[in-house]
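Undergrad: Before I ask anything, let me first share the structure, which is written out below as C-alpha cells.
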Amino acid sequence: MAIQFGDKLPSFKAAKQDGTAFESACIQHKPVVIYFYPKDFTPGCTTQACSFRDAYQDFQDLGAEVIGVSGDSATSHQNFQQKYKLPFILLSDADRKLRRLFGVPNALFGLLPGRVTYVFDAKGNCIYIFDSISAKNHITKALEAIKKSK
C-alpha cells in the first residue's frame, strides 16, 4: 500500500550517510520532507539535492527537516553529501524496503526508481505527495505544503 494523504509517517530504520542508524521516531514531532530519488551523482538528482540544499534554511526556519532516500550505499551518500555540501540526512535504501514501505513507484516503464516527495506535518500526517520524475518543482511544492500547514 502506498502512502496516501492523511496517512501517518511509518516507523522505519535505515542507515544514514555516515553509516549510523536512523530511526523515524526521531522526527515525529516536526514537519519533515522525505524525498526519494533515483541515484547519487546523476544530473537530475544532483540538481534536486542542490536545490534542497539551497532552500534548506527556509525549511529549517519552518521547523522542518529534509531527508533524501535512494538505493545508493551509505558510502556513496557520504561522498555525494561532501561533494555538494548537502546539510540534510541521506538514507541508504539498498534493499528497497523504504521504497516498498512508502509505495514509491518505478518510473520510465519500470526502468528507473521513481522520484517522489512526501511532506508530513508536525503530527506525522502526510499532507502532500508530489510524484514526478522531473527534479523540478519538488522543493517549491514541499515548501508551500509546509507553509500551508502552519
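Following the order of the C-alpha cells, chains are lettered A, B, ..., residues in each are numbered from 1, and ligands are numbered from 1.
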Given only C-alpha atoms, how would the per-residue table for stretch 60-84 of chain A near stretch 30-47 of chain A read, listing every residue at most 6 Å away with its closest atom pair and distance in Å to one decimal, sorted by chain and number, as a Markdown table?

TA:
```
| residue | atom | partner | partner_atom | distance |
| --- | --- | --- | --- | --- |
| A:Ala64 | CA | A:Pro31 | CA | 4.5 |
| A:Glu65 | CA | A:Val32 | CA | 4.7 |
| A:Val66 | CA | A:Val33 | CA | 4.8 |
| A:Ile67 | CA | A:Ile34 | CA | 4.8 |
| A:Gly68 | CA | A:Tyr35 | CA | 5.0 |
| A:Val69 | CA | A:Phe36 | CA | 4.7 |
| A:Ser70 | CA | A:Tyr37 | CA | 5.4 |
```

Undergrad: Can you pull out every residue within 7 Å of stretch 125-135 of chain A, counting only C-alpha atoms, but drop anything in the same chain fewer than 2 positions away, and send it as a VMD selection string?

TA: chain A and resid 4 to 9 44 to 45 48 107 114 to 121 123 137 to 138 145

Undergrad: Mind writing the picked residues with N, CA, C and O atoms as an mmCIF file, in the first residue's frame?

TA:
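Below is the file result-v7.cif, written as the result:
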```
data_model
loop_
_atom_site.group_PDB
_atom_site.id
_atom_site.type_symbol
_atom_site.label_atom_id
_atom_site.label_comp_id
_atom_site.auth_asym_id
_atom_site.auth_seq_id
_atom_site.Cartn_x
_atom_site.Cartn_y
_atom_site.Cartn_z
ATOM 1 N N GLN A 4 -0.723 7.562 1.478
ATOM 2 C CA GLN A 4 -1.755 8.438 0.938
ATOM 3 C C GLN A 4 -1.868 9.680 1.823
ATOM 4 O O GLN A 4 -1.385 9.688 2.957
ATOM 5 N N PHE A 5 -2.555 10.701 1.333
ATOM 6 C CA PHE A 5 -2.805 11.899 2.136
ATOM 7 C C PHE A 5 -3.481 11.479 3.438
ATOM 8 O O PHE A 5 -4.384 10.648 3.428
ATOM 9 N N GLY A 6 -3.023 12.051 4.546
ATOM 10 C CA GLY A 6 -3.607 11.757 5.845
ATOM 11 C C GLY A 6 -2.977 10.581 6.561
ATOM 12 O O GLY A 6 -3.163 10.415 7.763
ATOM 13 N N ASP A 7 -2.237 9.731 5.846
ATOM 14 C CA ASP A 7 -1.568 8.595 6.486
ATOM 15 C C ASP A 7 -0.492 9.087 7.439
ATOM 16 O O ASP A 7 0.102 10.154 7.240
ATOM 17 N N LYS A 8 -0.221 8.286 8.448
ATOM 18 C CA LYS A 8 0.835 8.594 9.408
ATOM 19 C C LYS A 8 2.202 8.238 8.827
ATOM 20 O O LYS A 8 2.327 7.308 8.019
ATOM 21 N N LEU A 9 3.224 8.979 9.271
ATOM 22 C CA LEU A 9 4.598 8.656 8.902
ATOM 23 C C LEU A 9 4.887 7.252 9.420
ATOM 24 O O LEU A 9 4.731 6.990 10.612
ATOM 25 N N GLY A 44 19.951 14.976 -12.838
ATOM 26 C CA GLY A 44 18.696 15.397 -12.223
ATOM 27 C C GLY A 44 18.721 15.299 -10.709
ATOM 28 O O GLY A 44 18.231 16.186 -10.000
ATOM 29 N N CYS A 45 19.302 14.227 -10.198
ATOM 30 C CA CYS A 45 19.347 14.020 -8.746
ATOM 31 C C CYS A 45 20.285 15.021 -8.082
ATOM 32 O O CYS A 45 20.019 15.487 -6.968
ATOM 33 N N GLN A 48 18.396 18.307 -7.987
ATOM 34 C CA GLN A 48 17.376 18.274 -6.937
ATOM 35 C C GLN A 48 18.016 18.411 -5.555
ATOM 36 O O GLN A 48 17.559 19.205 -4.730
ATOM 37 N N ALA A 107 9.732 4.502 -12.395
ATOM 38 C CA ALA A 107 9.424 5.453 -13.462
ATOM 39 C C ALA A 107 9.977 4.928 -14.790
ATOM 40 O O ALA A 107 10.726 3.955 -14.819
ATOM 41 N N GLY A 114 11.544 5.553 -8.920
ATOM 42 C CA GLY A 114 10.776 6.783 -9.024
ATOM 43 C C GLY A 114 11.325 7.927 -8.190
ATOM 44 O O GLY A 114 12.161 7.737 -7.319
ATOM 45 N N ARG A 115 10.818 9.122 -8.478
ATOM 46 C CA ARG A 115 11.183 10.339 -7.756
ATOM 47 C C ARG A 115 9.887 10.883 -7.141
ATOM 48 O O ARG A 115 9.031 11.407 -7.846
ATOM 49 N N VAL A 116 9.749 10.710 -5.833
ATOM 50 C CA VAL A 116 8.539 11.134 -5.138
ATOM 51 C C VAL A 116 8.931 11.874 -3.862
ATOM 52 O O VAL A 116 9.840 11.446 -3.151
ATOM 53 N N THR A 117 8.246 12.984 -3.603
ATOM 54 C CA THR A 117 8.467 13.760 -2.390
ATOM 55 C C THR A 117 7.216 13.678 -1.520
ATOM 56 O O THR A 117 6.104 13.892 -2.003
ATOM 57 N N TYR A 118 7.428 13.337 -0.242
ATOM 58 C CA TYR A 118 6.354 13.252 0.744
ATOM 59 C C TYR A 118 6.591 14.337 1.784
ATOM 60 O O TYR A 118 7.720 14.527 2.245
ATOM 61 N N VAL A 119 5.512 15.010 2.189
ATOM 62 C CA VAL A 119 5.602 16.022 3.235
ATOM 63 C C VAL A 119 4.667 15.598 4.370
ATOM 64 O O VAL A 119 3.487 15.315 4.137
ATOM 65 N N PHE A 120 5.224 15.564 5.574
ATOM 66 C CA PHE A 120 4.468 15.216 6.777
ATOM 67 C C PHE A 120 4.461 16.418 7.711
ATOM 68 O O PHE A 120 5.488 17.101 7.841
ATOM 69 N N ASP A 121 3.317 16.660 8.357
ATOM 70 C CA ASP A 121 3.249 17.772 9.311
ATOM 71 C C ASP A 121 3.825 17.349 10.659
ATOM 72 O O ASP A 121 4.271 16.206 10.833
ATOM 73 N N LYS A 123 2.464 16.563 13.279
ATOM 74 C CA LYS A 123 1.708 15.476 13.917
ATOM 75 C C LYS A 123 1.977 14.139 13.240
ATOM 76 O O LYS A 123 1.416 13.118 13.606
ATOM 77 N N ASN A 137 10.410 21.491 -9.301
ATOM 78 C CA ASN A 137 9.191 21.732 -8.520
ATOM 79 C C ASN A 137 9.080 20.978 -7.200
ATOM 80 O O ASN A 137 8.238 21.321 -6.383
ATOM 81 N N HIS A 138 9.881 19.946 -6.964
ATOM 82 C CA HIS A 138 9.760 19.211 -5.705
ATOM 83 C C HIS A 138 9.997 20.143 -4.511
ATOM 84 O O HIS A 138 9.274 20.064 -3.515
ATOM 85 N N ALA A 145 3.670 23.391 0.911
ATOM 86 C CA ALA A 145 2.855 22.491 1.749
ATOM 87 C C ALA A 145 3.139 22.722 3.223
ATOM 88 O O ALA A 145 2.211 22.760 4.044
#
```

Undergrad: At what distance in Å, to one decimal, does atom CA of A:Ala21 lie from atom CA of A:Asp95?

TA: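 If I compute the distance from atom CA of A:Asp95 to atom CA of A:Ala21, I get 15.1 Å.
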
Undergrad: Please, what distance in Å, to one decimal, runs between atom CA of A:Glu23 and atom CA of A:Tyr56?

TA: 20.9 Å

Undergrad: Write down as a PDB file with N, CA, C and O atoms, in the first residue's frame the residues belonging to chain A that are assigned strand (DSSP E) by DSSP computed on the backbone.

TA:
```pdb
ATOM      1  N   LYS A  13      13.645   2.165  10.043  1.00  0.00           N
ATOM      2  CA  LYS A  13      15.060   2.354  10.364  1.00  0.00           C
ATOM      3  C   LYS A  13      15.836   2.230   9.067  1.00  0.00           C
ATOM      4  O   LYS A  13      15.456   1.467   8.177  1.00  0.00           O
ATOM      5  N   ALA A  14      16.927   2.991   8.967  1.00  0.00           N
ATOM      6  CA  ALA A  14      17.792   2.920   7.783  1.00  0.00           C
ATOM      7  C   ALA A  14      19.167   3.458   8.157  1.00  0.00           C
ATOM      8  O   ALA A  14      19.330   4.119   9.188  1.00  0.00           O
ATOM      9  N   ALA A  15      20.139   3.210   7.293  1.00  0.00           N
ATOM     10  CA  ALA A  15      21.500   3.711   7.513  1.00  0.00           C
ATOM     11  C   ALA A  15      21.637   5.109   6.928  1.00  0.00           C
ATOM     12  O   ALA A  15      21.255   5.354   5.783  1.00  0.00           O
ATOM     13  N   LYS A  16      22.198   6.021   7.738  1.00  0.00           N
ATOM     14  CA  LYS A  16      22.490   7.373   7.264  1.00  0.00           C
ATOM     15  C   LYS A  16      23.796   7.358   6.477  1.00  0.00           C
ATOM     16  O   LYS A  16      24.532   6.373   6.464  1.00  0.00           O
ATOM     17  N   ALA A  21      22.781   4.480  12.428  1.00  0.00           N
ATOM     18  CA  ALA A  21      21.377   4.131  12.270  1.00  0.00           C
ATOM     19  C   ALA A  21      20.481   5.359  12.426  1.00  0.00           C
ATOM     20  O   ALA A  21      20.738   6.227  13.258  1.00  0.00           O
ATOM     21  N   PHE A  22      19.461   5.411  11.612  1.00  0.00           N
ATOM     22  CA  PHE A  22      18.444   6.459  11.695  1.00  0.00           C
ATOM     23  C   PHE A  22      17.117   5.783  11.994  1.00  0.00           C
ATOM     24  O   PHE A  22      16.803   4.742  11.420  1.00  0.00           O
ATOM     25  N   GLU A  23      16.339   6.376  12.893  1.00  0.00           N
ATOM     26  CA  GLU A  23      15.004   5.875  13.201  1.00  0.00           C
ATOM     27  C   GLU A  23      14.000   6.996  12.991  1.00  0.00           C
ATOM     28  O   GLU A  23      14.223   8.123  13.438  1.00  0.00           O
ATOM     29  N   VAL A  32       8.394  17.195   8.227  1.00  0.00           N
ATOM     30  CA  VAL A  32       9.512  16.536   7.544  1.00  0.00           C
ATOM     31  C   VAL A  32       9.181  16.326   6.068  1.00  0.00           C
ATOM     32  O   VAL A  32       8.052  16.027   5.707  1.00  0.00           O
ATOM     33  N   VAL A  33      10.201  16.530   5.248  1.00  0.00           N
ATOM     34  CA  VAL A  33      10.128  16.255   3.817  1.00  0.00           C
ATOM     35  C   VAL A  33      11.020  15.044   3.572  1.00  0.00           C
ATOM     36  O   VAL A  33      12.211  15.072   3.884  1.00  0.00           O
ATOM     37  N   ILE A  34      10.428  13.993   3.039  1.00  0.00           N
ATOM     38  CA  ILE A  34      11.196  12.803   2.684  1.00  0.00           C
ATOM     39  C   ILE A  34      11.087  12.664   1.171  1.00  0.00           C
ATOM     40  O   ILE A  34       9.999  12.490   0.632  1.00  0.00           O
ATOM     41  N   TYR A  35      12.239  12.811   0.519  1.00  0.00           N
ATOM     42  CA  TYR A  35      12.198  12.709  -0.947  1.00  0.00           C
ATOM     43  C   TYR A  35      13.021  11.517  -1.417  1.00  0.00           C
ATOM     44  O   TYR A  35      14.130  11.285  -0.969  1.00  0.00           O
ATOM     45  N   PHE A  36      12.399  10.737  -2.276  1.00  0.00           N
ATOM     46  CA  PHE A  36      13.032   9.574  -2.885  1.00  0.00           C
ATOM     47  C   PHE A  36      13.534   9.990  -4.262  1.00  0.00           C
ATOM     48  O   PHE A  36      12.816  10.659  -5.010  1.00  0.00           O
ATOM     49  N   GLU A  65      12.510  19.274   8.697  1.00  0.00           N
ATOM     50  CA  GLU A  65      13.710  18.531   8.343  1.00  0.00           C
ATOM     51  C   GLU A  65      13.540  17.991   6.923  1.00  0.00           C
ATOM     52  O   GLU A  65      12.418  17.734   6.483  1.00  0.00           O
ATOM     53  N   VAL A  66      14.650  17.843   6.218  1.00  0.00           N
ATOM     54  CA  VAL A  66      14.665  17.277   4.866  1.00  0.00           C
ATOM     55  C   VAL A  66      15.491  16.004   4.908  1.00  0.00           C
ATOM     56  O   VAL A  66      16.590  15.985   5.479  1.00  0.00           O
ATOM     57  N   ILE A  67      14.974  14.952   4.276  1.00  0.00           N
ATOM     58  CA  ILE A  67      15.679  13.674   4.221  1.00  0.00           C
ATOM     59  C   ILE A  67      15.589  13.144   2.791  1.00  0.00           C
ATOM     60  O   ILE A  67      14.499  13.039   2.227  1.00  0.00           O
ATOM     61  N   GLY A  68      16.737  12.810   2.218  1.00  0.00           N
ATOM     62  CA  GLY A  68      16.781  12.209   0.886  1.00  0.00           C
ATOM     63  C   GLY A  68      16.993  10.711   0.996  1.00  0.00           C
ATOM     64  O   GLY A  68      17.720  10.254   1.885  1.00  0.00           O
ATOM     65  N   VAL A  69      16.368   9.941   0.111  1.00  0.00           N
ATOM     66  CA  VAL A  69      16.466   8.483   0.146  1.00  0.00           C
ATOM     67  C   VAL A  69      16.705   7.957  -1.269  1.00  0.00           C
ATOM     68  O   VAL A  69      15.986   8.322  -2.202  1.00  0.00           O
ATOM     69  N   SER A  70      17.713   7.105  -1.404  1.00  0.00           N
ATOM     70  CA  SER A  70      17.914   6.380  -2.660  1.00  0.00           C
ATOM     71  C   SER A  70      18.528   5.026  -2.341  1.00  0.00           C
ATOM     72  O   SER A  70      18.892   4.750  -1.199  1.00  0.00           O
ATOM     73  N   ILE A  89      20.041  14.898   5.912  1.00  0.00           N
ATOM     74  CA  ILE A  89      20.269  13.460   6.027  1.00  0.00           C
ATOM     75  C   ILE A  89      19.993  12.773   4.688  1.00  0.00           C
ATOM     76  O   ILE A  89      19.005  13.069   4.011  1.00  0.00           O
ATOM     77  N   LEU A  90      20.855  11.834   4.339  1.00  0.00           N
ATOM     78  CA  LEU A  90      20.626  10.945   3.203  1.00  0.00           C
ATOM     79  C   LEU A  90      20.563   9.527   3.748  1.00  0.00           C
ATOM     80  O   LEU A  90      21.441   9.112   4.506  1.00  0.00           O
ATOM     81  N   LEU A  91      19.516   8.797   3.381  1.00  0.00           N
ATOM     82  CA  LEU A  91      19.342   7.429   3.857  1.00  0.00           C
ATOM     83  C   LEU A  91      19.571   6.434   2.726  1.00  0.00           C
ATOM     84  O   LEU A  91      19.128   6.647   1.598  1.00  0.00           O
ATOM     85  N   SER A  92      20.254   5.349   3.078  1.00  0.00           N
ATOM     86  CA  SER A  92      20.510   4.280   2.121  1.00  0.00           C
ATOM     87  C   SER A  92      19.346   3.290   2.144  1.00  0.00           C
ATOM     88  O   SER A  92      18.942   2.818   3.200  1.00  0.00           O
ATOM     89  N   ASN A 106       8.119   2.788  -9.669  1.00  0.00           N
ATOM     90  CA  ASN A 106       9.223   2.966 -10.606  1.00  0.00           C
ATOM     91  C   ASN A 106       8.767   3.919 -11.705  1.00  0.00           C
ATOM     92  O   ASN A 106       7.575   4.117 -11.913  1.00  0.00           O
ATOM     93  N   ALA A 107       9.732   4.502 -12.395  1.00  0.00           N
ATOM     94  CA  ALA A 107       9.424   5.453 -13.462  1.00  0.00           C
ATOM     95  C   ALA A 107       9.977   4.928 -14.790  1.00  0.00           C
ATOM     96  O   ALA A 107      10.726   3.955 -14.819  1.00  0.00           O
ATOM     97  N   LEU A 112      13.579   2.903 -14.021  1.00  0.00           N
ATOM     98  CA  LEU A 112      14.259   3.731 -13.022  1.00  0.00           C
ATOM     99  C   LEU A 112      13.474   3.765 -11.720  1.00  0.00           C
ATOM    100  O   LEU A 112      12.244   3.747 -11.748  1.00  0.00           O
ATOM    101  N   PRO A 113      14.168   3.853 -10.589  1.00  0.00           N
ATOM    102  CA  PRO A 113      13.446   4.097  -9.337  1.00  0.00           C
ATOM    103  C   PRO A 113      12.745   5.452  -9.440  1.00  0.00           C
ATOM    104  O   PRO A 113      13.291   6.396 -10.019  1.00  0.00           O
ATOM    105  N   VAL A 116       9.749  10.710  -5.833  1.00  0.00           N
ATOM    106  CA  VAL A 116       8.539  11.134  -5.138  1.00  0.00           C
ATOM    107  C   VAL A 116       8.931  11.874  -3.862  1.00  0.00           C
ATOM    108  O   VAL A 116       9.840  11.446  -3.151  1.00  0.00           O
ATOM    109  N   THR A 117       8.246  12.984  -3.603  1.00  0.00           N
ATOM    110  CA  THR A 117       8.467  13.760  -2.390  1.00  0.00           C
ATOM    111  C   THR A 117       7.216  13.678  -1.520  1.00  0.00           C
ATOM    112  O   THR A 117       6.104  13.892  -2.003  1.00  0.00           O
ATOM    113  N   TYR A 118       7.428  13.337  -0.242  1.00  0.00           N
ATOM    114  CA  TYR A 118       6.354  13.252   0.744  1.00  0.00           C
ATOM    115  C   TYR A 118       6.591  14.337   1.784  1.00  0.00           C
ATOM    116  O   TYR A 118       7.720  14.527   2.245  1.00  0.00           O
ATOM    117  N   VAL A 119       5.512  15.010   2.189  1.00  0.00           N
ATOM    118  CA  VAL A 119       5.602  16.022   3.235  1.00  0.00           C
ATOM    119  C   VAL A 119       4.667  15.598   4.370  1.00  0.00           C
ATOM    120  O   VAL A 119       3.487  15.315   4.137  1.00  0.00           O
ATOM    121  N   PHE A 120       5.224  15.564   5.574  1.00  0.00           N
ATOM    122  CA  PHE A 120       4.468  15.216   6.777  1.00  0.00           C
ATOM    123  C   PHE A 120       4.461  16.418   7.711  1.00  0.00           C
ATOM    124  O   PHE A 120       5.488  17.101   7.841  1.00  0.00           O
ATOM    125  N   CYS A 126       0.630  12.742   6.603  1.00  0.00           N
ATOM    126  CA  CYS A 126       1.044  13.080   5.242  1.00  0.00           C
ATOM    127  C   CYS A 126       0.129  14.180   4.717  1.00  0.00           C
ATOM    128  O   CYS A 126      -1.091  14.000   4.625  1.00  0.00           O
ATOM    129  N   ILE A 127       0.724  15.328   4.376  1.00  0.00           N
ATOM    130  CA  ILE A 127      -0.065  16.471   3.911  1.00  0.00           C
ATOM    131  C   ILE A 127       0.173  16.780   2.434  1.00  0.00           C
ATOM    132  O   ILE A 127      -0.537  17.589   1.859  1.00  0.00           O
ATOM    133  N   TYR A 128       1.170  16.123   1.831  1.00  0.00           N
ATOM    134  CA  TYR A 128       1.439  16.406   0.425  1.00  0.00           C
ATOM    135  C   TYR A 128       2.274  15.286  -0.182  1.00  0.00           C
ATOM    136  O   TYR A 128       3.183  14.758   0.471  1.00  0.00           O
ATOM    137  N   ILE A 129       1.975  14.941  -1.422  1.00  0.00           N
ATOM    138  CA  ILE A 129       2.754  13.957  -2.183  1.00  0.00           C
ATOM    139  C   ILE A 129       2.946  14.526  -3.582  1.00  0.00           C
ATOM    140  O   ILE A 129       1.984  14.951  -4.220  1.00  0.00           O
ATOM    141  N   PHE A 130       4.197  14.541  -4.026  1.00  0.00           N
ATOM    142  CA  PHE A 130       4.493  15.022  -5.378  1.00  0.00           C
ATOM    143  C   PHE A 130       5.302  13.953  -6.086  1.00  0.00           C
ATOM    144  O   PHE A 130       6.416  13.624  -5.689  1.00  0.00           O
ATOM    145  N   ASP A 131       4.713  13.382  -7.136  1.00  0.00           N
ATOM    146  CA  ASP A 131       5.322  12.290  -7.890  1.00  0.00           C
ATOM    147  C   ASP A 131       5.645  12.798  -9.290  1.00  0.00           C
ATOM    148  O   ASP A 131       4.753  13.015 -10.103  1.00  0.00           O
TER     149      ASP A 131
END
```

Undergrad: Measure the distance from atom CA of A:Gly19 to atom CA of A:Gln81 in Å and round it to one decimal.

TA: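 Computing it gives 12.9 Å between the two atoms.
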
Undergrad: Determine which residues of stretch 50-85 of chain A DSSP labels as helix (DSSP H, G or I) from the backbone of this structure, then write them out as a list in words.

TA: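 Answer for stretch 50-85 of chain A, restricted to helix (DSSP H, G or I): Cys50, Ser51, Phe52, Arg53, Asp54, Ala55, Tyr56, Gln57, Asp58, Phe59, Gln60, Asp61, Ala74, Thr75, Ser76, His77, Gln78, Asn79, Phe80, Gln81, Gln82, Lys83 and Tyr84 of chain A.
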
Undergrad: Show me, as a PyMOL selection string, the residues that have an atom within 9 Å of A:Pro10 when counting only C-alpha atoms, minus same-chain residues fewer than 2 positions from it.

TA: chain A and resi 3+7-8+12+24+101-102+124

Undergrad: Based on the selection just made, write N, CA, C and O atoms of those residues as a PDB file, in the first residue's frame.

TA:
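This is the output file selection36.pdb:
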```pdb
ATOM      1  N   ILE A   3       1.720   5.225   0.567  1.00  0.00           N
ATOM      2  CA  ILE A   3       1.344   6.294   1.489  1.00  0.00           C
ATOM      3  C   ILE A   3       0.337   7.195   0.774  1.00  0.00           C
ATOM      4  O   ILE A   3       0.535   7.553  -0.387  1.00  0.00           O
ATOM      5  N   ASP A   7      -2.237   9.731   5.846  1.00  0.00           N
ATOM      6  CA  ASP A   7      -1.568   8.595   6.486  1.00  0.00           C
ATOM      7  C   ASP A   7      -0.492   9.087   7.439  1.00  0.00           C
ATOM      8  O   ASP A   7       0.102  10.154   7.240  1.00  0.00           O
ATOM      9  N   LYS A   8      -0.221   8.286   8.448  1.00  0.00           N
ATOM     10  CA  LYS A   8       0.835   8.594   9.408  1.00  0.00           C
ATOM     11  C   LYS A   8       2.202   8.238   8.827  1.00  0.00           C
ATOM     12  O   LYS A   8       2.327   7.308   8.019  1.00  0.00           O
ATOM     13  N   PHE A  12      10.278   3.377  10.674  1.00  0.00           N
ATOM     14  CA  PHE A  12      11.304   2.680   9.899  1.00  0.00           C
ATOM     15  C   PHE A  12      12.689   2.997  10.444  1.00  0.00           C
ATOM     16  O   PHE A  12      12.875   3.950  11.188  1.00  0.00           O
ATOM     17  N   SER A  24      12.899   6.686  12.328  1.00  0.00           N
ATOM     18  CA  SER A  24      11.898   7.706  12.031  1.00  0.00           C
ATOM     19  C   SER A  24      11.300   8.312  13.297  1.00  0.00           C
ATOM     20  O   SER A  24      10.796   9.436  13.256  1.00  0.00           O
ATOM     21  N   LEU A 101       7.788   0.369   1.521  1.00  0.00           N
ATOM     22  CA  LEU A 101       7.008   0.861   2.654  1.00  0.00           C
ATOM     23  C   LEU A 101       6.196   2.096   2.274  1.00  0.00           C
ATOM     24  O   LEU A 101       5.030   2.230   2.634  1.00  0.00           O
ATOM     25  N   PHE A 102       6.805   3.004   1.518  1.00  0.00           N
ATOM     26  CA  PHE A 102       6.131   4.233   1.100  1.00  0.00           C
ATOM     27  C   PHE A 102       5.301   4.035  -0.173  1.00  0.00           C
ATOM     28  O   PHE A 102       4.456   4.852  -0.492  1.00  0.00           O
ATOM     29  N   GLY A 124       2.811  14.160  12.200  1.00  0.00           N
ATOM     30  CA  GLY A 124       3.158  12.934  11.493  1.00  0.00           C
ATOM     31  C   GLY A 124       2.189  12.535  10.407  1.00  0.00           C
ATOM     32  O   GLY A 124       2.252  11.424   9.887  1.00  0.00           O
TER      33      GLY A 124
END
```

Undergrad: Considering only C-alpha atoms, can you say which of A:Arg53, A:His29, A:Lys136, A:Lys141 comes closest to A:Leu86?

TA: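 Using only C-alpha atoms, the shortest distance to A:Leu86 belongs to A:Arg53.
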